[in-house]
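See below for the structure under consideration.
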Amino acid sequence: MKRQFLRLSVAALLVATAFTACKKDKGETNEEEVITTLQLTFTPQGGGSPLVYKFEDADGPGGAAPTIDQIVLAPSKSYDVALQLLNKTANPVEDITEEIEEEAAAHRFYFTPATGSNITVSGLDKDANGVDLGLHSVWTTTAAATGSVKVTLRHYPAVPPNKAAADAVDSQKSGTDIEATFTTKIQ
Amino acid sequence: MQLAGQFNNRKEYDIVRASSSKTPQLNLSISTLSEDISWEHPSWHNLQGTVGVAAMQQDNAYAGRYFIPNYQSNTWGAYVLEKWARHRWELQAGARYDNKHISTNRLLSGGSSFDQYDFQFSTFAGSVHAAFKPGNHWKINSALSLSQRAPHVNELLSNGIHHGTATYEEGDINLHPEKGINLSLGVQWHNEANTLSAEVDVYHNRIDDFIYRQPVPEEPVLTIAGAFPKIRYQQADASLTGLDLSVVVRPRQSLEWTSRASLLRARNRQIGDWLTQMPADRFSTALAYNFRDHKKLLGSYVSVEWQQVLEQTRIPDESQGKVDYKVPPAAYALINLHASTTIPLTARMPVTVSIGVRNLLNKVYRDYLNSMRYFADEMGRNIYLRLKLPITSRQ
């Protein structure tokens, strides 16, 4: 009887320890990486004030739907475009662009205008190996039109990264980090 | 009396930038404790029985990306099971009561604020089961049960991207327990020489408030990484009627030919339509050759199996709008090979070695029940080698 009681109290002690050990604060902080905002800054070549358009999902995946600006550009013009990625759920706002620059050889942006959009994207900046990166690009418009441009960020997980110039946007070597489609209007 | 504890830590990593790549994107830890006390009463007039109480405490915590909230779940239950056997008859009856309390801290949609939300479920289950052996070659089983099932935490509260299936899952806090009446009847038969045997099971489950996963194709969740299919937990009154059949032919000692069929008809009684995401009818047949035991090799056999899964054509009506992201995939047939032998290293250490090929013809196919079917094919030819080493203690 005494032995049984001893066993029971050991069990009870174990239960108590387990419970205090795994007690965690509820609603703890999120440590995940969130990209809320893809921001494109268009600077007209030959002068003019810059235009800013963004894809923004302020609360991250789920919840409120993202807001997507329409990209409105002037006809027959070239723009220098700078791309920025931000995490606005962090305070202060976290600039993820810097991390992409640091790992340029493992990242690649693709810009895919829909046919008839009258936009061509060229002049992408390169990583250290001379392969397209895309944080900077040149967008050239022709006649007035409406259409869309899909911006895709692909990430190469291999170490060292095996990014090559010929890789297609759906290459098996890379995975999608960002896929955002903007509607466009040339007027 | 039994006491058990388990700690489970699951870390999900994603490919992210260096600064956050060393920490998991989702870190789930579950601590579970369970206690079970049962008492078997002495046999009395061919009656054997067990009564017991069981309890479980679970603490679930996450860090990182939101999918399901932190929660603590406490359940306790009591049951009684009586068995009576005499001559050709065997009767069984049981009853069980369960009480489940879940306290959670959920993330309110669209924000970073949390809300305390508690659930309390009481469920009851009862069953009677009868088995009768009319002769040496026959056995008949039948069962009737009434049961309730409380919704799980993920069905109530998930709200986020499930990275295992790349779907956005949305729970419903208003779900209530499923209530079901289940009827089943089974017949087993074999011939005198045991060269032919067959088994048929039919069942009918009538479940009120059946909880299921409903794809919501009109509301894909748009994120900066593209759109994810949304799946919502819903409930409806349903009926599931099925048939399982198997036939085994042993023309010789060494040869065994097994065929199986499995059919299911699942209806949503509330709208008089088929239920979504239910398994398609499937058939399989396998031929095995058993080798005679050798001094060093026991229970050796080789087998070839053919599996046929039909296309699921019994899906909800789409004339009022789409009810799934993709139509069910086409029917497929697979051929599998398997070989196995057991080497008795010592009397206490039988080592089993098996080798096999799944999907021998490298067939490209998708399965209706796999959420990945929206994006990717099933596995191609898969060759495996298995080694089984039993660890037994000295008696």
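Following the order of the structure tokens, first chain is A, next is B, and so on, with residues numbered from 1 inside each chain and ligands from 1 in the order they appear.
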### Query
DSSP on the backbone: what in stretch 1-172 of chain A comes out strand (DSSP E), as a ChimeraX atom specification?
/A:37-44,51-56,67-68,71-73,78-87,94-95,107-113,119-122,136-141,145-155
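Put simply, atom CA of A:Ala164 is 24.8 Å away from atom CA of A:Leu40.
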Show me, as a short mmCIF file (atom, residue, chain, number, x, y, z; two decimals) with all heavy atoms, in the first residue's frame, the residues that have an atom within 10 Å of A:Glu103 when counting only C-alpha atoms, minus same-chain residues fewer than 4 positions from it.
```
data_model
loop_
_atom_site.label_atom_id
_atom_site.label_comp_id
_atom_site.auth_asym_id
_atom_site.auth_seq_id
_atom_site.Cartn_x
_atom_site.Cartn_y
_atom_site.Cartn_z
N THR A 97 14.89 43.98 -49.30
CA THR A 97 15.69 44.20 -50.52
C THR A 97 17.18 43.99 -50.24
O THR A 97 17.90 43.40 -51.04
CB THR A 97 15.47 45.63 -51.06
OG1 THR A 97 14.12 46.00 -50.82
CG2 THR A 97 15.78 45.71 -52.53
N GLU A 98 17.62 44.47 -49.06
CA GLU A 98 19.05 44.34 -48.70
C GLU A 98 19.48 42.90 -48.67
O GLU A 98 20.58 42.55 -49.10
CB GLU A 98 19.29 44.97 -47.32
CG GLU A 98 19.11 46.47 -47.30
CD GLU A 98 18.94 47.01 -45.89
OE1 GLU A 98 19.21 46.27 -44.92
OE2 GLU A 98 18.52 48.19 -45.76
N GLU A 99 18.58 42.03 -48.16
CA GLU A 99 18.94 40.62 -48.06
C GLU A 99 19.01 39.98 -49.44
O GLU A 99 19.80 39.07 -49.68
CB GLU A 99 17.92 39.89 -47.19
CG GLU A 99 17.89 40.43 -45.78
CD GLU A 99 17.02 39.62 -44.85
OE1 GLU A 99 16.86 38.40 -45.11
OE2 GLU A 99 16.49 40.19 -43.88
N HIS A 107 18.91 34.67 -56.23
CA HIS A 107 17.61 35.24 -56.52
C HIS A 107 17.52 35.73 -57.96
O HIS A 107 18.52 36.13 -58.54
CB HIS A 107 17.32 36.43 -55.58
CG HIS A 107 17.08 36.02 -54.17
ND1 HIS A 107 18.10 35.87 -53.28
CD2 HIS A 107 15.94 35.69 -53.51
CE1 HIS A 107 17.60 35.49 -52.10
NE2 HIS A 107 16.29 35.37 -52.22
N ASP A 127 23.80 39.78 -61.16
CA ASP A 127 24.51 39.39 -59.94
C ASP A 127 26.01 39.32 -60.24
O ASP A 127 26.43 39.63 -61.36
CB ASP A 127 23.96 38.05 -59.42
CG ASP A 127 24.20 36.88 -60.37
OD1 ASP A 127 25.04 37.01 -61.28
OD2 ASP A 127 23.53 35.84 -60.20
N ALA A 128 26.82 38.89 -59.28
CA ALA A 128 28.28 38.87 -59.43
C ALA A 128 28.72 37.95 -60.57
O ALA A 128 29.81 38.10 -61.12
CB ALA A 128 28.94 38.45 -58.12
N HIS A 155 13.77 31.79 -56.19
CA HIS A 155 14.82 31.62 -55.18
C HIS A 155 15.50 30.28 -55.42
O HIS A 155 14.83 29.27 -55.55
CB HIS A 155 14.16 31.66 -53.80
CG HIS A 155 15.11 31.75 -52.66
ND1 HIS A 155 14.73 32.22 -51.43
CD2 HIS A 155 16.41 31.44 -52.54
CE1 HIS A 155 15.76 32.19 -50.62
NE2 HIS A 155 16.80 31.72 -51.27
N TYR A 156 16.85 30.30 -55.47
CA TYR A 156 17.62 29.07 -55.70
C TYR A 156 18.12 28.53 -54.36
O TYR A 156 18.98 29.15 -53.74
CB TYR A 156 18.80 29.36 -56.63
CG TYR A 156 18.38 29.64 -58.05
CD1 TYR A 156 17.80 30.86 -58.39
CD2 TYR A 156 18.54 28.69 -59.05
CE1 TYR A 156 17.39 31.11 -59.69
CE2 TYR A 156 18.14 28.93 -60.35
CZ TYR A 156 17.56 30.15 -60.66
OH TYR A 156 17.15 30.39 -61.94
N PRO A 161 24.51 28.55 -55.10
CA PRO A 161 23.37 28.63 -56.01
C PRO A 161 23.77 28.27 -57.44
O PRO A 161 24.86 28.60 -57.88
CB PRO A 161 22.97 30.11 -55.92
CG PRO A 161 23.60 30.63 -54.69
CD PRO A 161 24.84 29.83 -54.46
N ARG B 17 15.32 34.11 -46.66
CA ARG B 17 16.57 34.83 -46.65
C ARG B 17 17.42 34.41 -45.45
O ARG B 17 16.88 33.98 -44.42
CB ARG B 17 16.32 36.34 -46.60
CG ARG B 17 16.44 37.08 -47.92
CD ARG B 17 15.73 36.47 -49.08
NE ARG B 17 14.31 36.30 -48.81
CZ ARG B 17 13.49 35.65 -49.60
NH1 ARG B 17 13.93 35.05 -50.67
NH2 ARG B 17 12.22 35.53 -49.32
N ALA B 18 18.75 34.64 -45.55
CA ALA B 18 19.69 34.14 -44.55
C ALA B 18 19.35 34.55 -43.13
O ALA B 18 19.49 33.77 -42.21
CB ALA B 18 21.10 34.62 -44.91
#
```
### Message
List the spatial neighbours of B:Ser43 as a PyMOL selection string - criterion: any atom at most 12 Å away, only C-alpha atoms, same-chain residues fewer than 2 positions off excluded.
### Response
chain B and resi 40-41+45-50+82-85
### Message
Just want the 6 Å neighbourhood of B:Ser73, counted on only C-alpha atoms, with same-chain residues fewer than 5 positions away dropped. Output as a ChimeraX atom specification.
### Response
/B:57-58,101-102
Atoms kept (N, CA, C and O atoms) for selection, written as a short mmCIF file (atom, residue, chain, number, x, y, z; two decimals), in the first residue's frame:
```cif
data_model
loop_
_atom_site.label_atom_id
_atom_site.label_comp_id
_atom_site.auth_asym_id
_atom_site.auth_seq_id
_atom_site.Cartn_x
_atom_site.Cartn_y
_atom_site.Cartn_z
N GLN B 57 -4.66 15.31 -21.15
CA GLN B 57 -4.41 16.75 -21.13
C GLN B 57 -3.40 17.04 -22.23
O GLN B 57 -2.40 16.33 -22.36
N GLN B 58 -3.67 18.05 -22.99
CA GLN B 58 -2.79 18.38 -24.09
C GLN B 58 -2.54 19.88 -24.13
O GLN B 58 -3.46 20.67 -23.97
N HIS B 101 -12.83 19.76 -23.23
CA HIS B 101 -12.78 21.20 -23.03
C HIS B 101 -11.53 21.73 -23.74
O HIS B 101 -10.44 21.24 -23.51
N ILE B 102 -11.72 22.70 -24.60
CA ILE B 102 -10.58 23.27 -25.32
C ILE B 102 -10.54 24.75 -25.01
O ILE B 102 -11.53 25.46 -25.21
#
```
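Omitting B:Gly164 and its sequence neighbours fewer than 4 positions away, and counting only C-alpha atoms, the residues within 12 Å are Lys11, Glu12, Tyr13, Asp14, Leu26, Phe67, Gly160, Tyr168, Glu169, Asn370, Ser371 and Met372 of chain B.
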Write the residues of the selection above to a file with N, CA and C atoms, as a compact mmCIF listing (two decimals), in the first residue's frame.
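Resulting contents of out.txt:
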```txt
# COMPACT_ATOMS: atom_id res chain seq x y z
N LYS B 11 9.09 21.12 -36.55
CA LYS B 11 9.58 22.39 -37.07
C LYS B 11 9.48 22.37 -38.58
N GLU B 12 8.83 23.38 -39.12
CA GLU B 12 8.70 23.45 -40.57
C GLU B 12 9.55 24.58 -41.10
N TYR B 13 10.42 24.22 -42.03
CA TYR B 13 11.31 25.21 -42.61
C TYR B 13 10.87 25.58 -44.00
N ASP B 14 11.18 26.77 -44.40
CA ASP B 14 10.87 27.22 -45.73
C ASP B 14 12.15 27.83 -46.27
N LEU B 26 7.69 27.65 -38.92
CA LEU B 26 6.58 27.27 -38.04
C LEU B 26 7.12 26.22 -37.08
N PHE B 67 -1.03 29.24 -37.92
CA PHE B 67 -1.87 28.26 -38.61
C PHE B 67 -3.01 27.82 -37.70
N GLY B 160 -4.95 29.69 -41.98
CA GLY B 160 -3.63 30.02 -42.50
C GLY B 160 -3.23 29.04 -43.58
N TYR B 168 -4.89 27.08 -48.26
CA TYR B 168 -5.26 27.95 -47.16
C TYR B 168 -6.44 27.31 -46.47
N GLU B 169 -6.26 26.89 -45.22
CA GLU B 169 -7.34 26.20 -44.52
C GLU B 169 -8.05 27.13 -43.56
N ASN B 370 -5.66 13.29 -52.70
CA ASN B 370 -4.43 13.98 -52.33
C ASN B 370 -4.55 15.46 -52.68
N SER B 371 -4.42 16.34 -51.69
CA SER B 371 -4.53 17.79 -51.94
C SER B 371 -3.47 18.27 -52.93
N MET B 372 -2.36 17.55 -53.01
CA MET B 372 -1.30 17.95 -53.93
C MET B 372 -1.72 17.78 -55.39
```
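Among B:Met349, B:Leu389, B:Leu245, B:Ala333, the residue with the shortest atom-to-atom distance to B:Val364, counting only C-alpha atoms, is B:Ala333.
If you count only C-alpha atoms and ignore residues fewer than 2 places along the chain from A:Gly134, what sits within 8 Å of it is Leu83, Arg108, Phe109, Tyr110, Leu124, Asp125, Lys126, Asp132, His136 and Ser137 of chain A.
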File of the preceding selection, N, CA and C atoms, as a compact mmCIF listing (two decimals), in the first residue's frame:
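Okay, this is what ended up in again15.txt:
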```txt
# COMPACT_ATOMS: atom_id res chain seq x y z
N LEU A 83 13.21 48.15 -57.63
CA LEU A 83 12.27 47.26 -56.94
C LEU A 83 12.67 47.16 -55.47
N ARG A 108 16.33 35.72 -58.50
CA ARG A 108 16.13 36.26 -59.84
C ARG A 108 14.69 36.72 -60.01
N PHE A 109 14.52 37.96 -60.45
CA PHE A 109 13.18 38.47 -60.77
C PHE A 109 12.90 38.27 -62.25
N TYR A 110 11.66 37.92 -62.54
CA TYR A 110 11.21 37.82 -63.93
C TYR A 110 10.06 38.81 -64.10
N LEU A 124 17.97 44.37 -67.13
CA LEU A 124 17.98 43.94 -65.73
C LEU A 124 19.41 43.99 -65.19
N ASP A 125 19.56 44.43 -63.94
CA ASP A 125 20.89 44.41 -63.33
C ASP A 125 21.30 42.96 -63.08
N LYS A 126 22.63 42.75 -62.94
CA LYS A 126 23.15 41.38 -62.86
C LYS A 126 23.71 41.08 -61.47
N ASP A 132 21.06 37.67 -64.73
CA ASP A 132 20.01 38.63 -64.37
C ASP A 132 19.60 38.54 -62.89
N HIS A 136 16.90 46.24 -60.45
CA HIS A 136 16.79 47.42 -61.31
C HIS A 136 16.51 46.95 -62.72
N SER A 137 15.60 47.64 -63.41
CA SER A 137 15.29 47.28 -64.78
C SER A 137 14.82 48.52 -65.53
```
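Across the structure, atom CA of B:Leu263 and atom CA of B:Thr276 are spaced 15.4 Å apart.
Using only C-alpha atoms, the smallest distance between any of B:Pro350, B:Gly186, B:Pro229, B:Gly64 and chain A comes from B:Gly64.
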### Message
Under the rule that only C-alpha atoms are counted, which of A:Asp69, A:Asp170, A:Asp80, A:Glu102 is the nearest residue to chain B?
### Response
A:Glu102
### Distance criterion (only C-alpha atoms): nearest to B:Ile224 out of A:Pro44, A:Leu153, A:Val169, A:Gln84
A:Leu153
### Query
Could you write out, as JSON, numbers by chain, all the residues of stretch 82-111 of chain A that DSSP marks as helix (DSSP H, G or I)?
{"A": [97, 98, 99, 100, 101, 102, 104, 105, 106]}
Writer output for current selection, C-alpha atoms, as a PDB file, in the first residue's frame:
```pdb
ATOM      1  CA  THR A  97      15.690  44.196 -50.519  1.00  0.00           C
ATOM      2  CA  GLU A  98      19.046  44.345 -48.703  1.00  0.00           C
ATOM      3  CA  GLU A  99      18.941  40.620 -48.062  1.00  0.00           C
ATOM      4  CA  ILE A 100      18.202  39.950 -51.723  1.00  0.00           C
ATOM      5  CA  GLU A 101      21.218  42.103 -52.674  1.00  0.00           C
ATOM      6  CA  GLU A 102      23.403  40.106 -50.292  1.00  0.00           C
ATOM      7  CA  ALA A 104      21.947  38.159 -55.413  1.00  0.00           C
ATOM      8  CA  ALA A 105      23.323  34.915 -56.865  1.00  0.00           C
ATOM      9  CA  ALA A 106      20.408  32.959 -55.343  1.00  0.00           C
TER      10      ALA A 106
END
```
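Residue nearest A:Val52 within the list A:Ile35, A:Ala65, A:Val81, A:Ile119: A:Val81 [criterion: smallest interatomic distance, only C-alpha atoms].
Here atom CA of B:Ser29 and atom CA of B:Ala61 stand 5.4 Å from one another.
In this comparison, which uses only C-alpha atoms, the residue of A:Leu73, A:Val34, A:Ile186, A:Ala64 approaching A:Leu51 most closely is A:Leu73.
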